[in-house]
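Report on the structure given below.
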Amino acid sequence: MNSKSLNKSTVLLMAISAAIVVANINYIQPIEADIAQQFNLPNAVIGAVAMLTQLGYAFGLLLIVPMGDIMNRRMLIMRLLVLAIISALLAFVAPNIWVYALASLLIGITSVAPQVIIPYAGFLAPRNQRGQVLGNVLSGLLVGVLLSRTVSGVLASYLPWQMVYLIAAILIAGLWLVLWRKLPHDPVTTHTTNYKAMIQTVPQLVKRYPVLRASAVNGFVLFGVSNIFWATLVFYLQHQYGWGSREAGLLALLGVTGVLAAPLIGRLADRFRPRTIIGLGLVLSTLAYVVFWLSGTHLVGLIIGIVVLDLGTQFGQVANQTRIQSIDVHASSRFNSVFMFGYFMGGALGSFCGNVLWDLAGWNGVCGLAVVVLMIGFYAHFVHYPRVVTRQAQH
């Protein structure tokens, strides 16, 4: 049943869906300078608004995504898409920073459909192909992150930045029509747990599974240092080269390396220990910031660093998803919720703190902040987690 309902075209549709919806939460990054100029605000304030989107996404993950374990996942996805359309339209018509900030928060909350799609794909996939399927769907997610920055930056260089959100709403509306016809029906027809009881189990799952806690910390660190870079790139380009949103968006295309690598990383996670792959992600992300720090003033160094950083982020994302989706398929949405909550809390704080450090200490401050966060990640992954597993085995 699973293999029939999850053929290659269905996996591709899920990947495209993840790309279109997740793009909503990243449109703001290349156009922060344009928004700051229109509303006459300092960079740190726009950084706080960008953080609202990430925070909204994090709390949507914590409170909405677990519903995939107790209700029809197909209907949950369709309803979230309707709310995402409304949120994008509110950002399009926002007359001032307060309305735009509210729209940004709602965009984050309502754009969590991909995080229902991902565990749904893992649930439908045969166990021996789960890493590969998740790698393919996650590559779609990365395409959305990648192209959102490019599309947003390029469009804002020719049109008012608000048009980005109108186009986003139109794209999601078209996606809704396709999914209504093509998305597989949820094979689980009965659920005995209500929402309150289900939410109450989330802290118990966090306490019970050290691997879940470790994955959430890894996600916090890796996506945090990714957002430290992307949230400040447009300001760095203005300072270093006199460039703007268009160039920031075009540089985001370099992330295609991570997109192409995602299916391969998924196969590696099926063959080797995901924990090893995550360690490689930490190493690559650290190497990227060493390059930024030493050679970021040169365009070649910046390009190399972006490629390596995106690879590191993708190594961690795919491997963490593979190992948490293999714990228990009946709680897959809750596992994904916990992991991605940590992931986007890291992203939110990375966006905000990156902007603050840019204002305080420039590029050196940005790179220094990322290295400190990565050192915490190394300690958690290579020192703390093995100790916890050893203590648990002894008991």
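Order determines the names: the first chain of the structure tokens is A, the second B, and so forth; residues in each chain are numbered 1 upward, and ligands are numbered 1 upward as they are shown.
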* range 359-365 of chain A surroundings by only C-alpha atoms, 8 Å radius, close-in-sequence under 5 positions cut, as a list in words -> Asn43, Ala44, Tyr236 and Trp293 of chain A
So that I have them on file, write out the residues from the current selection with N, CA, C and O atoms, as a short mmCIF file (atom, residue, chain, number, x, y, z; two decimals), in the first residue's frame.
```cif
data_model
loop_
_atom_site.label_atom_id
_atom_site.label_comp_id
_atom_site.auth_asym_id
_atom_site.auth_seq_id
_atom_site.Cartn_x
_atom_site.Cartn_y
_atom_site.Cartn_z
N ASN A 43 18.53 48.58 10.79
CA ASN A 43 18.64 47.17 10.39
C ASN A 43 18.21 46.21 11.50
O ASN A 43 17.61 45.16 11.24
N ALA A 44 18.54 46.54 12.76
CA ALA A 44 18.23 45.63 13.86
C ALA A 44 16.73 45.43 14.01
O ALA A 44 16.27 44.34 14.39
N TYR A 236 26.27 43.06 4.21
CA TYR A 236 27.69 42.89 3.90
C TYR A 236 27.97 43.26 2.44
O TYR A 236 28.97 43.93 2.14
N TRP A 293 35.64 34.16 7.18
CA TRP A 293 36.43 35.04 8.04
C TRP A 293 37.76 35.43 7.39
O TRP A 293 38.17 36.59 7.41
#
```
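Residue nearest Leu284 in chain A, chosen from A:Leu166, A:Ala214, A:Ala23, A:Leu374 and counting only C-alpha atoms: A:Leu374.
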* Structure fact -> Of A:Asn26, A:Thr276, A:Ser87, A:Thr110, the one nearest to Ser148 in chain A when counting only C-alpha atoms is A:Asn26
Please identify every residue of range 103-132 of chain A that has at least one atom no farther than 8 Å from an atom of range 51-61 of chain A, counting only C-alpha atoms, and for each give the shortest atom pair and the distance in Å to one decimal, arranged by chain then increasing number, as a Markdown table.
```
| residue | atom | partner | partner_atom | distance |
| --- | --- | --- | --- | --- |
| A:Ser104 | CA | A:Thr53 | CA | 5.0 |
| A:Leu105 | CA | A:Thr53 | CA | 4.7 |
| A:Leu106 | CA | A:Gly56 | CA | 6.5 |
| A:Ile107 | CA | A:Thr53 | CA | 6.4 |
| A:Gly108 | CA | A:Tyr57 | CA | 4.0 |
| A:Ile109 | CA | A:Gly56 | CA | 4.5 |
| A:Thr110 | CA | A:Gly60 | CA | 6.9 |
| A:Ser111 | CA | A:Tyr57 | CA | 6.8 |
| A:Val112 | CA | A:Gly60 | CA | 6.3 |
| A:Gln115 | CA | A:Leu61 | CA | 7.4 |
```
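Between CA of Val225 in chain A and CA of Ser351 in chain A there is a distance of 8.9 Å.
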* For Ile85 in chain A, list every protein, DNA or RNA residue within 7 Å, evaluated using only C-alpha atoms, and leave out those in the same chain fewer than 5 positions away; present the list as a VMD selection string. => chain A and resid 169 172 to 173
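Residues with any atom within 12 Å of Lys182 in chain A, counting only C-alpha atoms and excluding same-chain neighbours fewer than 6 positions away, are Ser5, Leu6, Asn7, Ser9, Thr10, Val11, Leu12, Leu13, Met14, Ser17, Arg74, Met78, Leu175 and Trp176 of chain A.
Counting only C-alpha atoms and comparing A:Thr390, A:Asn320, A:Ser295, A:Ser157, the residue that lies closest to Trp243 in chain A is A:Ser157.
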* Asked: Pick the closest to Tyr289 in chain A from A:Ile35, A:Ile117, A:Leu89, A:Ile306: which is it, counting only C-alpha atoms?
  -> A:Ile306
* Excluding Tyr27 in chain A and any residue of its chain fewer than 4 positions from it, enumerate the residues within 9 Å of it, using only C-alpha atoms, and give them as a PyMOL selection string. => chain A and resi 23+31+145+148-153+164-165
